file my_file-v1.json (JSON, C-alpha atoms (C1' of nucleotides))
[["chain", "number", "residue", "atom", "x", "y", "z"],
["A", 105, "MET", "CA", 21.04, 45.47, 24.97],
["A", 106, "LYS", "CA", 23.30, 42.45, 24.75],
["A", 107, "ILE", "CA", 26.40, 42.28, 22.60],
["A", 108, "GLY", "CA", 24.71, 40.24, 19.88],
["A", 109, "GLU", "CA", 21.87, 42.74, 19.56],
["A", 110, "LEU", "CA", 24.29, 45.65, 19.41],
["A", 111, "ALA", "CA", 26.31, 43.80, 16.82],
["A", 112, "SER", "CA", 23.40, 43.05, 14.52],
["A", 113, "ALA", "CA", 22.00, 46.57, 15.01],
["A", 114, "THR", "CA", 25.23, 48.01, 13.65],
["A", 115, "GLY", "CA", 26.26, 45.38, 11.13],
["A", 116, "THR", "CA", 29.19, 44.21, 13.24],
["A", 117, "ARG", "CA", 30.15, 40.91, 14.82],
["A", 118, "ALA", "CA", 30.22, 40.35, 18.54],
["A", 119, "GLU", "CA", 33.92, 39.48, 18.32],
["A", 120, "THR", "CA", 34.60, 42.79, 16.63],
["A", 121, "VAL", "CA", 32.69, 44.69, 19.32],
["A", 122, "ARG", "CA", 34.82, 43.02, 22.00],
["A", 123, "TYR", "CA", 37.89, 43.79, 19.91],
["A", 124, "TYR", "CA", 36.93, 47.49, 19.76],
["A", 125, "GLU", "CA", 36.50, 47.49, 23.52],
["A", 126, "LYS", "CA", 39.88, 45.84, 23.97],
["A", 127, "ILE", "CA", 41.69, 48.46, 21.89],
["A", 128, "GLY", "CA", 39.89, 51.26, 23.68],
["A", 129, "LEU", "CA", 37.71, 52.41, 20.80],
["A", 130, "LEU", "CA", 34.45, 51.56, 22.54],
["A", 131, "ALA", "CA", 33.97, 52.16, 26.28],
["A", 132, "PRO", "CA", 33.39, 49.06, 28.43],
["A", 133, "PRO", "CA", 29.66, 48.80, 29.14],
["A", 134, "ALA", "CA", 27.91, 47.88, 32.38],
["A", 135, "ARG", "CA", 27.51, 44.19, 33.14],
["A", 136, "THR", "CA", 24.42, 42.22, 34.10],
["A", 137, "SER", "CA", 24.33, 39.99, 37.17],
["A", 138, "GLY", "CA", 25.30, 37.16, 34.84],
["A", 139, "ASN", "CA", 28.36, 39.12, 33.65],
["A", 140, "TYR", "CA", 26.90, 39.86, 30.23],
["A", 141, "ARG", "CA", 27.82, 43.18, 28.59],
["A", 142, "SER", "CA", 24.85, 45.57, 28.73],
["A", 143, "TYR", "CA", 24.81, 48.36, 26.15],
["A", 144, "GLY", "CA", 22.73, 51.52, 25.88],
["A", 145, "GLY", "CA", 22.01, 54.21, 23.29],
["A", 146, "GLU", "CA", 25.38, 55.88, 23.75],
["A", 147, "HIS", "CA", 27.17, 52.73, 22.76],
["A", 148, "LEU", "CA", 24.89, 52.18, 19.83],
["A", 149, "ALA", "CA", 25.56, 55.68, 18.49],
["A", 150, "ARG", "CA", 29.26, 55.38, 19.03],
["A", 151, "LEU", "CA", 29.55, 51.98, 17.42],
["A", 152, "SER", "CA", 27.43, 53.11, 14.50],
["A", 153, "PHE", "CA", 29.83, 55.97, 13.98],
["A", 154, "ILE", "CA", 32.82, 53.66, 14.14],
["A", 155, "ARG", "CA", 31.28, 51.18, 11.70],
["A", 156, "ARG", "CA", 30.32, 53.83, 9.25],
["A", 157, "ALA", "CA", 33.72, 55.48, 9.37],
["A", 158, "ARG", "CA", 35.41, 52.12, 8.87],
["A", 159, "ASP", "CA", 33.16, 51.38, 5.93],
["A", 160, "LEU", "CA", 34.26, 54.69, 4.47],
["A", 161, "GLY", "CA", 37.86, 53.56, 4.61],
["A", 162, "PHE", "CA", 39.07, 55.41, 7.68],
["A", 163, "THR", "CA", 41.68, 53.53, 9.67],
["A", 164, "ILE", "CA", 41.08, 52.69, 13.30],
["A", 165, "GLU", "CA", 43.55, 55.38, 14.32],
["A", 166, "THR", "CA", 41.74, 57.99, 12.25],
["A", 167, "VAL", "CA", 38.43, 56.91, 13.72],
["A", 168, "ARG", "CA", 40.00, 57.40, 17.14],
["A", 169, "GLU", "CA", 40.99, 60.94, 16.16],
["A", 170, "LEU", "CA", 37.54, 61.71, 14.81],
["A", 171, "LEU", "CA", 35.90, 60.42, 17.97],
["A", 172, "ALA", "CA", 38.24, 62.55, 20.07],
["A", 173, "LEU", "CA", 37.36, 65.57, 17.92],
["A", 174, "SER", "CA", 33.66, 64.91, 18.24],
["A", 175, "ASP", "CA", 34.00, 64.53, 22.00],
["A", 176, "ASP", "CA", 35.73, 67.87, 22.29],
["A", 177, "ARG", "CA", 33.07, 70.23, 20.97],
["A", 178, "THR", "CA", 35.15, 73.32, 21.61],
["A", 179, "ARG", "CA", 37.50, 72.36, 18.84],
["A", 180, "SER", "CA", 37.24, 73.91, 15.39],
["A", 181, "CYS", "CA", 36.19, 72.11, 12.28],
["A", 182, "GLU", "CA", 39.62, 72.59, 10.76],
["A", 183, "ALA", "CA", 41.14, 69.42, 12.13],
["A", 184, "VAL", "CA", 38.18, 67.36, 11.00],
["A", 185, "ASP", "CA", 38.35, 69.00, 7.61],
["A", 186, "GLY", "CA", 42.07, 68.27, 7.38],
["A", 187, "ILE", "CA", 41.55, 64.59, 8.07],
["A", 188, "ALA", "CA", 38.76, 64.43, 5.52],
["A", 189, "ARG", "CA", 40.94, 66.13, 2.93],
["A", 190, "MET", "CA", 43.79, 63.74, 3.52],
["A", 191, "HIS", "CA", 41.41, 60.87, 3.03],
["A", 192, "LEU", "CA", 39.95, 62.35, -0.08],
["A", 193, "ALA", "CA", 43.42, 62.49, -1.62],
["A", 194, "GLU", "CA", 44.05, 58.91, -0.59],
["A", 195, "VAL", "CA", 40.74, 57.77, -2.01],
["A", 196, "ASP", "CA", 41.48, 59.54, -5.28],
["A", 197, "ARG", "CA", 44.79, 57.71, -5.52],
["A", 198, "LYS", "CA", 43.10, 54.40, -4.84],
["A", 199, "ILE", "CA", 40.46, 55.05, -7.46],
["A", 200, "ALA", "CA", 43.12, 55.96, -10.03],
["A", 201, "ASP", "CA", 45.09, 52.81, -9.24],
["A", 202, "LEU", "CA", 42.03, 50.61, -9.52],
["A", 203, "MET", "CA", 40.91, 52.24, -12.76],
["A", 204, "ALA", "CA", 44.32, 51.53, -14.29],
["A", 205, "LEU", "CA", 44.16, 47.98, -12.98],
["A", 206, "ARG", "CA", 40.67, 47.58, -14.35],
["A", 207, "GLY", "CA", 41.75, 48.69, -17.79],
["A", 208, "GLU", "CA", 44.63, 46.27, -17.86],
["A", 209, "LEU", "CA", 42.59, 43.40, -16.53],
["A", 210, "GLY", "CA", 39.86, 44.12, -19.04],
["A", 211, "ARG", "CA", 42.31, 44.07, -21.94],
["A", 212, "VAL", "CA", 43.80, 40.82, -20.72],
["A", 213, "ILE", "CA", 40.37, 39.20, -20.56],
["A", 214, "ASP", "CA", 39.39, 40.51, -24.00],
["A", 215, "THR", "CA", 42.30, 38.72, -25.58],
["A", 216, "CYS", "CA", 41.20, 35.33, -24.26],
["A", 217, "SER", "CA", 40.49, 33.14, -27.26],
["A", 218, "HIS", "CA", 38.93, 30.36, -25.17],
["A", 219, "GLY", "CA", 41.41, 27.83, -26.44],
["A", 220, "THR", "CA", 43.77, 25.80, -24.29],
["A", 221, "VAL", "CA", 46.10, 27.15, -21.67],
["A", 222, "ALA", "CA", 48.97, 26.66, -24.12],
["A", 223, "ASP", "CA", 47.81, 29.71, -26.05],
["A", 224, "CYS", "CA", 45.94, 31.48, -23.31],
["A", 225, "LYS", "CA", 46.62, 35.17, -23.61],
["A", 226, "ILE", "CA", 45.82, 35.74, -19.98],
["A", 227, "ILE", "CA", 48.66, 33.52, -18.91],
["A", 228, "GLU", "CA", 50.85, 35.13, -21.53],
["A", 229, "ALA", "CA", 49.95, 38.55, -20.27],
["A", 230, "LEU", "CA", 51.07, 37.53, -16.83],
["A", 231, "ALA", "CA", 54.23, 35.89, -18.07],
["A", 232, "PRO", "CA", 57.64, 37.57, -17.94],
["A", 233, "HIS", "CA", 57.82, 41.21, -18.76],
["A", 234, "SER", "CA", 60.81, 43.44, -18.57],
["A", 235, "HIS", "CA", 61.03, 44.88, -15.12],
["A", 236, "GLY", "CA", 63.70, 47.44, -14.58],
["B", 237, "MET", "CA", 71.78, 34.60, -9.89],
["B", 238, "LYS", "CA", 71.67, 35.45, -6.19],
["B", 239, "ILE", "CA", 68.52, 36.36, -4.32],
["B", 240, "GLY", "CA", 69.21, 40.08, -4.38],
["B", 241, "GLU", "CA", 69.68, 40.07, -8.16],
["B", 242, "LEU", "CA", 66.49, 38.08, -8.66],
["B", 243, "ALA", "CA", 64.68, 40.45, -6.35],
["B", 244, "SER", "CA", 65.75, 43.61, -8.14],
["B", 245, "ALA", "CA", 65.14, 41.99, -11.54],
["B", 246, "THR", "CA", 61.53, 41.40, -10.59],
["B", 247, "GLY", "CA", 60.82, 44.38, -8.39],
["B", 248, "THR", "CA", 60.60, 42.27, -5.25],
["B", 249, "ARG", "CA", 62.49, 42.22, -1.99],
["B", 250, "ALA", "CA", 64.76, 39.40, -0.95],
["B", 251, "GLU", "CA", 62.62, 38.80, 2.14],
["B", 252, "THR", "CA", 59.56, 38.45, -0.03],
["B", 253, "VAL", "CA", 61.31, 35.94, -2.29],
["B", 254, "ARG", "CA", 62.22, 33.84, 0.73],
["B", 255, "TYR", "CA", 58.66, 34.22, 1.95],
["B", 256, "TYR", "CA", 57.30, 32.94, -1.37],
["B", 257, "GLU", "CA", 59.62, 29.97, -1.10],
["B", 258, "LYS", "CA", 58.46, 29.30, 2.43],
["B", 259, "ILE", "CA", 54.79, 29.22, 1.47],
["B", 260, "GLY", "CA", 55.54, 27.01, -1.52],
["B", 261, "LEU", "CA", 54.83, 29.54, -4.25],
["B", 262, "LEU", "CA", 58.37, 29.53, -5.60],
["B", 263, "ALA", "CA", 60.42, 26.33, -5.82],
["B", 264, "PRO", "CA", 63.55, 26.17, -3.64],
["B", 265, "PRO", "CA", 66.58, 26.87, -5.85],
["B", 266, "ALA", "CA", 69.97, 25.18, -5.86],
["B", 267, "ARG", "CA", 72.52, 26.40, -3.34],
["B", 268, "THR", "CA", 76.10, 27.52, -3.83],
["B", 269, "SER", "CA", 78.95, 26.06, -1.77],
["B", 270, "GLY", "CA", 78.49, 28.99, 0.56],
["B", 271, "ASN", "CA", 74.78, 28.10, 1.00],
["B", 272, "TYR", "CA", 73.53, 31.04, -1.05],
["B", 273, "ARG", "CA", 70.37, 30.56, -3.09],
["B", 274, "SER", "CA", 71.21, 30.25, -6.79],
["B", 275, "TYR", "CA", 68.41, 31.09, -9.23],
["B", 276, "GLY", "CA", 68.05, 30.48, -12.98],
["B", 277, "GLY", "CA", 65.77, 31.60, -15.79],
["B", 278, "GLU", "CA", 62.91, 29.38, -14.64],
["B", 279, "HIS", "CA", 62.78, 31.10, -11.31],
["B", 280, "LEU", "CA", 62.98, 34.49, -12.91],
["B", 281, "ALA", "CA", 60.03, 33.69, -15.17],
["B", 282, "ARG", "CA", 57.93, 32.29, -12.37],
["B", 283, "LEU", "CA", 58.62, 35.12, -9.97],
["B", 284, "SER", "CA", 57.85, 37.65, -12.69],
["B", 285, "PHE", "CA", 54.53, 35.94, -13.21],
["B", 286, "ILE", "CA", 53.81, 36.03, -9.48],
["B", 287, "ARG", "CA", 54.76, 39.68, -9.15],
["B", 288, "ARG", "CA", 52.67, 40.74, -12.10],
["B", 289, "ALA", "CA", 49.65, 38.80, -10.92],
["B", 290, "ARG", "CA", 50.04, 40.30, -7.45],
["B", 291, "ASP", "CA", 50.31, 43.77, -8.94],
["B", 292, "LEU", "CA", 47.03, 43.10, -10.71],
["B", 293, "GLY", "CA", 45.55, 42.42, -7.29],
["B", 294, "PHE", "CA", 45.25, 38.64, -7.37],
["B", 295, "THR", "CA", 45.58, 37.07, -3.94],
["B", 296, "ILE", "CA", 48.40, 34.65, -3.22],
["B", 297, "GLU", "CA", 45.93, 31.76, -3.32],
["B", 298, "THR", "CA", 44.62, 32.86, -6.70],
["B", 299, "VAL", "CA", 48.15, 33.18, -7.99],
["B", 300, "ARG", "CA", 48.73, 29.62, -6.83],
["B", 301, "GLU", "CA", 45.68, 28.51, -8.82],
["B", 302, "LEU", "CA", 46.79, 30.44, -11.88],
["B", 303, "LEU", "CA", 50.23, 28.87, -11.69],
["B", 304, "ALA", "CA", 48.73, 25.41, -11.39],
["B", 305, "LEU", "CA", 46.45, 26.12, -14.35],
["B", 306, "SER", "CA", 49.28, 27.49, -16.44],
["B", 307, "ASP", "CA", 51.36, 24.42, -15.77],
["B", 308, "ASP", "CA", 48.76, 22.22, -17.45],
["B", 309, "ARG", "CA", 49.16, 23.44, -21.02],
["B", 310, "THR", "CA", 46.49, 21.17, -22.50],
["B", 311, "ARG", "CA", 43.79, 22.43, -20.21],
["B", 312, "SER", "CA", 41.06, 24.74, -21.45],
["B", 313, "CYS", "CA", 41.47, 28.42, -20.85],
["B", 314, "GLU", "CA", 38.00, 28.68, -19.34],
["B", 315, "ALA", "CA", 39.04, 28.43, -15.72],
["B", 316, "VAL", "CA", 41.68, 31.09, -16.18],
["B", 317, "ASP", "CA", 39.19, 33.36, -17.90],
["B", 318, "GLY", "CA", 36.69, 32.79, -15.10],
["B", 319, "ILE", "CA", 39.18, 33.72, -12.41],
["B", 320, "ALA", "CA", 40.14, 36.88, -14.26],
["B", 321, "ARG", "CA", 36.50, 37.85, -14.76],
["B", 322, "MET", "CA", 35.65, 37.31, -11.13],
["B", 323, "HIS", "CA", 38.56, 39.47, -10.19],
["B", 324, "LEU", "CA", 37.44, 42.17, -12.58],
["B", 325, "ALA", "CA", 34.00, 42.20, -10.98],
["B", 326, "GLU", "CA", 35.64, 42.60, -7.58],
["B", 327, "VAL", "CA", 37.71, 45.51, -8.81],
["B", 328, "ASP", "CA", 34.58, 47.15, -10.21],
["B", 329, "ARG", "CA", 32.85, 46.78, -6.88],
["B", 330, "LYS", "CA", 35.77, 48.38, -5.06],
["B", 331, "ILE", "CA", 35.80, 51.27, -7.49],
["B", 332, "ALA", "CA", 32.09, 51.85, -6.89],
["B", 333, "ASP", "CA", 32.62, 51.83, -3.12],
["B", 334, "LEU", "CA", 35.46, 54.29, -3.41],
["B", 335, "MET", "CA", 33.44, 56.59, -5.62],
["B", 336, "ALA", "CA", 30.70, 56.65, -2.99],
["B", 337, "LEU", "CA", 33.29, 57.38, -0.32],
["B", 338, "ARG", "CA", 34.75, 60.11, -2.46],
["B", 339, "GLY", "CA", 31.39, 61.80, -2.79],
["B", 340, "GLU", "CA", 30.79, 61.65, 0.93],
["B", 341, "LEU", "CA", 34.18, 63.08, 1.81],
["B", 342, "GLY", "CA", 33.76, 65.81, -0.76],
["B", 343, "ARG", "CA", 30.44, 66.77, 0.77],
["B", 344, "VAL", "CA", 31.96, 66.81, 4.26],
["B", 345, "ILE", "CA", 34.78, 69.08, 3.16],
["B", 346, "ASP", "CA", 32.38, 71.33, 1.32],
["B", 347, "THR", "CA", 30.15, 71.67, 4.36],
["B", 348, "CYS", "CA", 33.09, 72.22, 6.67],
["B", 349, "SER", "CA", 34.83, 74.81, 4.51],
["B", 350, "HIS", "CA", 32.17, 77.47, 4.83],
["B", 351, "GLY", "CA", 30.81, 76.86, 8.26],
["B", 352, "THR", "CA", 31.46, 77.30, 11.93],
["B", 353, "VAL", "CA", 31.94, 74.56, 14.49],
["B", 354, "ALA", "CA", 28.21, 74.25, 14.94],
["B", 355, "ASP", "CA", 27.77, 73.72, 11.23],
["B", 356, "CYS", "CA", 30.35, 70.99, 10.87],
["B", 357, "LYS", "CA", 28.49, 67.99, 9.57],
["B", 358, "ILE", "CA", 31.23, 65.40, 9.47],
["B", 359, "ILE", "CA", 30.07, 63.65, 12.60],
["B", 360, "GLU", "CA", 26.49, 63.73, 11.40],
["B", 361, "ALA", "CA", 27.64, 62.52, 8.02],
["B", 362, "LEU", "CA", 28.88, 59.40, 9.74],
["B", 363, "ALA", "CA", 25.90, 59.07, 12.05],
["B", 364, "PRO", "CA", 23.89, 55.86, 12.52],
["B", 365, "HIS", "CA", 22.57, 53.96, 9.57],
["B", 366, "SER", "CA", 19.81, 51.45, 9.71],
["B", 367, "HIS", "CA", 21.12, 47.94, 9.93],
["B", 368, "GLY", "CA", 18.74, 45.35, 9.76],
["C", 19, "DA", "C1'", 93.42, 41.37, 7.83],
["C", 20, "DT", "C1'", 89.87, 44.32, 7.61],
["C", 21, "DG", "C1'", 85.95, 46.36, 5.78],
["C", 22, "DC", "C1'", 81.72, 46.15, 3.61],
["C", 23, "DA", "C1'", 77.87, 44.48, 1.04],
["C", 24, "DC", "C1'", 75.51, 40.86, 0.71],
["C", 25, "DC", "C1'", 73.63, 36.30, 2.24],
["C", 26, "DC", "C1'", 71.67, 32.76, 5.91],
["C", 27, "DT", "C1'", 67.92, 31.18, 9.54],
["C", 28, "DG", "C1'", 64.48, 32.19, 12.64],
["C", 29, "DT", "C1'", 61.24, 34.89, 14.94],
["C", 30, "DA", "C1'", 58.30, 38.78, 15.98],
["C", 31, "DG", "C1'", 55.44, 42.46, 14.49],
["C", 32, "DG", "C1'", 51.63, 44.99, 12.13],
["C", 33, "DA", "C1'", 46.31, 46.02, 10.76],
["C", 34, "DA", "C1'", 42.03, 44.73, 11.73],
["C", 35, "DC", "C1'", 39.94, 41.47, 12.58],
["C", 36, "DT", "C1'", 38.34, 36.12, 12.82],
["C", 37, "DA", "C1'", 38.11, 31.65, 14.77],
["C", 38, "DC", "C1'", 38.41, 28.58, 18.02],
["C", 39, "DA", "C1'", 38.44, 26.26, 22.93],
["C", 40, "DA", "C1'", 36.44, 25.59, 27.17],
["C", 41, "DG", "C1'", 33.25, 26.99, 29.90],
["C", 42, "DG", "C1'", 28.99, 30.05, 32.06],
["C", 43, "DT", "C1'", 23.93, 31.95, 31.61],
["C", 44, "DC", "C1'", 19.24, 32.01, 30.40],
["C", 45, "DA", "C1'", 14.66, 31.17, 28.41],
["C", 46, "DA", "C1'", 11.79, 27.58, 26.62],
["C", 47, "DG", "C1'", 9.93, 23.05, 26.44],
["C", 48, "DC", "C1'", 8.70, 18.58, 28.43],
["D", 278, "DG", "C1'", 13.19, 20.18, 37.67],
["D", 279, "DC", "C1'", 15.94, 19.11, 34.01],
["D", 280, "DT", "C1'", 17.57, 19.24, 29.45],
["D", 281, "DT", "C1'", 18.41, 21.57, 25.17],
["D", 282, "DG", "C1'", 20.17, 25.11, 22.59],
["D", 283, "DA", "C1'", 21.23, 29.76, 21.71],
["D", 284, "DC", "C1'", 23.69, 32.98, 23.45],
["D", 285, "DC", "C1'", 27.37, 34.88, 26.46],
["D", 286, "DT", "C1'", 32.31, 34.86, 28.91],
["D", 287, "DT", "C1'", 37.62, 34.81, 28.69],
["D", 288, "DG", "C1'", 41.78, 33.94, 26.42],
["D", 289, "DT", "C1'", 44.71, 32.73, 22.75],
["D", 290, "DA", "C1'", 46.08, 31.72, 18.23],
["D", 291, "DG", "C1'", 45.27, 32.23, 13.30],
["D", 292, "DT", "C1'", 44.53, 35.10, 9.00],
["D", 293, "DT", "C1'", 47.00, 37.96, 4.84],
["D", 294, "DC", "C1'", 51.07, 39.48, 2.95],
["D", 295, "DC", "C1'", 54.58, 40.70, 3.89],
["D", 296, "DT", "C1'", 58.46, 43.64, 6.78],
["D", 297, "DA", "C1'", 61.93, 44.11, 10.20],
["D", 298, "DC", "C1'", 65.08, 42.74, 13.05],
["D", 299, "DA", "C1'", 68.80, 39.68, 15.56],
["D", 300, "DG", "C1'", 72.76, 37.22, 15.27],
["D", 301, "DG", "C1'", 75.52, 35.18, 12.48],
["D", 302, "DG", "C1'", 78.17, 33.53, 7.73],
["D", 303, "DT", "C1'", 80.30, 34.53, 2.83],
["D", 304, "DG", "C1'", 82.79, 36.84, -0.78],
["D", 305, "DC", "C1'", 85.36, 40.34, -2.73],
["D", 306, "DA", "C1'", 88.27, 44.44, -2.64],
["D", 307, "DT", "C1'", 91.81, 47.09, -0.36]]
call {"tool": "encode", "arguments": {"input": "my_file-v1.json", "output": "structure tokens"}}
result
Amino acid sequence: MKIGELASATGTRAETVRYYEKIGLLAPPARTSGNYRSYGGEHLARLSFIRRARDLGFTIETVRELLALSDDRTRSCEAVDGIARMHLAEVDRKIADLMALRGELGRVIDTCSHGTVADCKIIEALAPHSHG
Amino acid sequence: MKIGELASATGTRAETVRYYEKIGLLAPPARTSGNYRSYGGEHLARLSFIRRARDLGFTIETVRELLALSDDRTRSCEAVDGIARMHLAEVDRKIADLMALRGELGRVIDTCSHGTVADCKIIEALAPHSHG
DNA sequence: ATGCACCCTGTAGGAACTACAAGGTCAAGC
DNA sequence: GCTTGACCTTGTAGTTCCTACAGGGTGCAT
């Protein structure tokens, strides 16, 4: 499996795959006689995991931790659980922030009277506010 | 008004103010005899606008557009409204993604909390997806 | 005159990629 | 057998939005 195939199989770009290899997240694969990277099922599984975790908002460093945990099967689930919990809290914060933002943005848009910029409420809403 | 005062009046850092000047978002102010930046009400208003728009999640480039639009007072509000609506849609999408993530993390924690190592499903939870 | 808080410029770093540039490999088509 | 074009290689620099120095200058109080 060449890098392009691996990339499209996992929804990644070839550049990103090489980047993951460079930062030590994905093991360097064997090479063909023409010096092309040659991937197998192990790499596919691993990269799928990485992609999915990244999509779920885990940082590269957290993904590294999770991979280390999954590699060491003797370890308890507690560490994994802890990481997940930390992320859950973070995700909850992000959701709350975005909901507040959404409300404000929605209000701003609702006030738009579709006139000229001179009396655009959106611009007004962005204009100077007291700030501490 | 010196840079530090402007910064604290708008909830920004001095470095960020200089950065905004460097990328052409904020006009260079007059200088004192000692070469300090000297800001007036115009700068305060504009930086407040920038800060608020950034807090609402608009990118620097979008803020630039909004500033350009707001400078042309006779222009129709339509473009401004469109930008805000597009941004709102983006925020909605992010919220949806985060809600999905939240559910997944919750499930992982739930599974982990009453199980042994063998039962830990976090790795499986992040296992390969089909990618087309 | 001596601190000290603040200001100046310029550059490097950080997170996680992304986009070249300049060249090598390979299968297909003529 | 040779060309075309898609793909691969390495390396480096750019992206976004700042943040953090380093190494110096200014202004005010003691």
call {"tool": "residues_around", "arguments": {"input": "my_file-v1.json", "residues": "region 137-140 of chain A", "least_positions_apart": "2", "cutoff": "9 Å", "atoms": "all atoms listed in the file", "output": "MDAnalysis selection string"}}
result
(chainID A and resid 106:107 134:135 142) or (chainID C and resid 42:43) or (chainID D and resid 285:286)
call {"tool": "write_last_selection", "arguments": {"input": "my_file-v1.json", "atoms": "C-alpha atoms (C1' of nucleotides)", "output": "short mmCIF file (atom, residue, chain, number, x, y, z; two decimals), in the frame of the given file"}}
result
data_model
loop_
_atom_site.label_atom_id
_atom_site.label_comp_id
_atom_site.auth_asym_id
_atom_site.auth_seq_id
_atom_site.Cartn_x
_atom_site.Cartn_y
_atom_site.Cartn_z
CA LYS A 106 23.30 42.45 24.75
CA ILE A 107 26.40 42.28 22.60
CA ALA A 134 27.91 47.88 32.38
CA ARG A 135 27.51 44.19 33.14
CA SER A 142 24.85 45.57 28.73
"C1'" DG C 42 28.99 30.05 32.06
"C1'" DT C 43 23.93 31.95 31.61
"C1'" DC D 285 27.37 34.88 26.46
"C1'" DT D 286 32.31 34.86 28.91
#
call {"tool": "atom_distance", "arguments": {"input": "my_file-v1.json", "atom1": "CA of Leu302 (chain B)", "atom2": "C1' of DT292 (chain D)"}}
result
21.5 Å
call {"tool": "atom_distance", "arguments": {"input": "my_file-v1.json", "atom1": "CA of Glu314 (chain B)", "atom2": "CA of Arg288 (chain B)"}}
result
20.3 Å
call {"tool": "residues_around", "arguments": {"input": "my_file-v1.json", "residues": "Gly144 (chain A)", "least_positions_apart": "4", "cutoff": "12 Å", "atoms": "only C-alpha atoms (C1' of nucleotides)", "output": "list in words"}}
result
Met105, Lys106, Ile107, Glu109, Leu110, Ala113, Ala131, Pro132, Pro133, Ala134, Arg135, Leu148, Ala149, Arg150 and Leu151 of chain A
call {"tool": "residues_near_point", "arguments": {"input": "my_file-v1.json", "point": "(35.9, 26.3, -27.9)", "cutoff": "10 Å", "atoms": "all atoms listed in the file", "output": "list in words"}}
result
Ser217, His218, Gly219 and Thr220 of chain A; Ser312, Cys313 and Glu314 of chain B
call {"tool": "interface_residues", "arguments": {"input": "my_file-v1.json", "of": "chain C", "to": "chain B", "cutoff": "9 Å", "atoms": "all atoms listed in the file", "output": "JSON, numbers by chain"}}
result
{"C": [24, 25, 26]}
call {"tool": "residues_near_point", "arguments": {"input": "my_file-v1.json", "point": "(36.9, 54.9, 3.6)", "cutoff": "12 Å", "atoms": "all atoms listed in the file", "output": "ChimeraX atom specification"}}
result
/A:154-164,166-167,187-196,198-199 /B:330-341,362
call {"tool": "closest_atom_pairs", "arguments": {"input": "my_file-v1.json", "of": "chain D", "to": "chain B", "cutoff": "9 Å", "atoms": "only C-alpha atoms (C1' of nucleotides)", "output": "Markdown table"}}
result
| residue | atom | partner | partner_atom | distance |
| --- | --- | --- | --- | --- |
| D:DT293 | C1' | B:Ile296 | CA | 8.8 |
| D:DC294 | C1' | B:Ile296 | CA | 8.3 |
| D:DC295 | C1' | B:Thr252 | CA | 6.7 |
| D:DT296 | C1' | B:Glu251 | CA | 7.9 |
| D:DG302 | C1' | B:Gly270 | CA | 8.5 |
| D:DT303 | C1' | B:Gly270 | CA | 6.3 |
call {"tool": "atom_distance", "arguments": {"input": "my_file-v1.json", "atom1": "CA of Arg309 (chain B)", "atom2": "CA of Val221 (chain A)"}}
result
4.9 Å
call {"tool": "closest_residue", "arguments": {"input": "my_file-v1.json", "among": "B:Lys258, B:Ser244, B:Val253, B:Tyr275", "to": "chain A", "atoms": "only C-alpha atoms"}}
result
B:Ser244
call {"tool": "closest_residue", "arguments": {"input": "my_file-v1.json", "among": "A:Arg122, A:Arg168, A:Arg197, A:Thr114", "to": "chain B", "atoms": "all atoms listed in the file"}}
result
A:Thr114
call {"tool": "closest_residue", "arguments": {"input": "my_file-v1.json", "among": "B:Cys348, B:Leu262, B:Ala243, B:Ala304", "to": "chain A", "atoms": "only C-alpha atoms"}}
result
B:Cys348
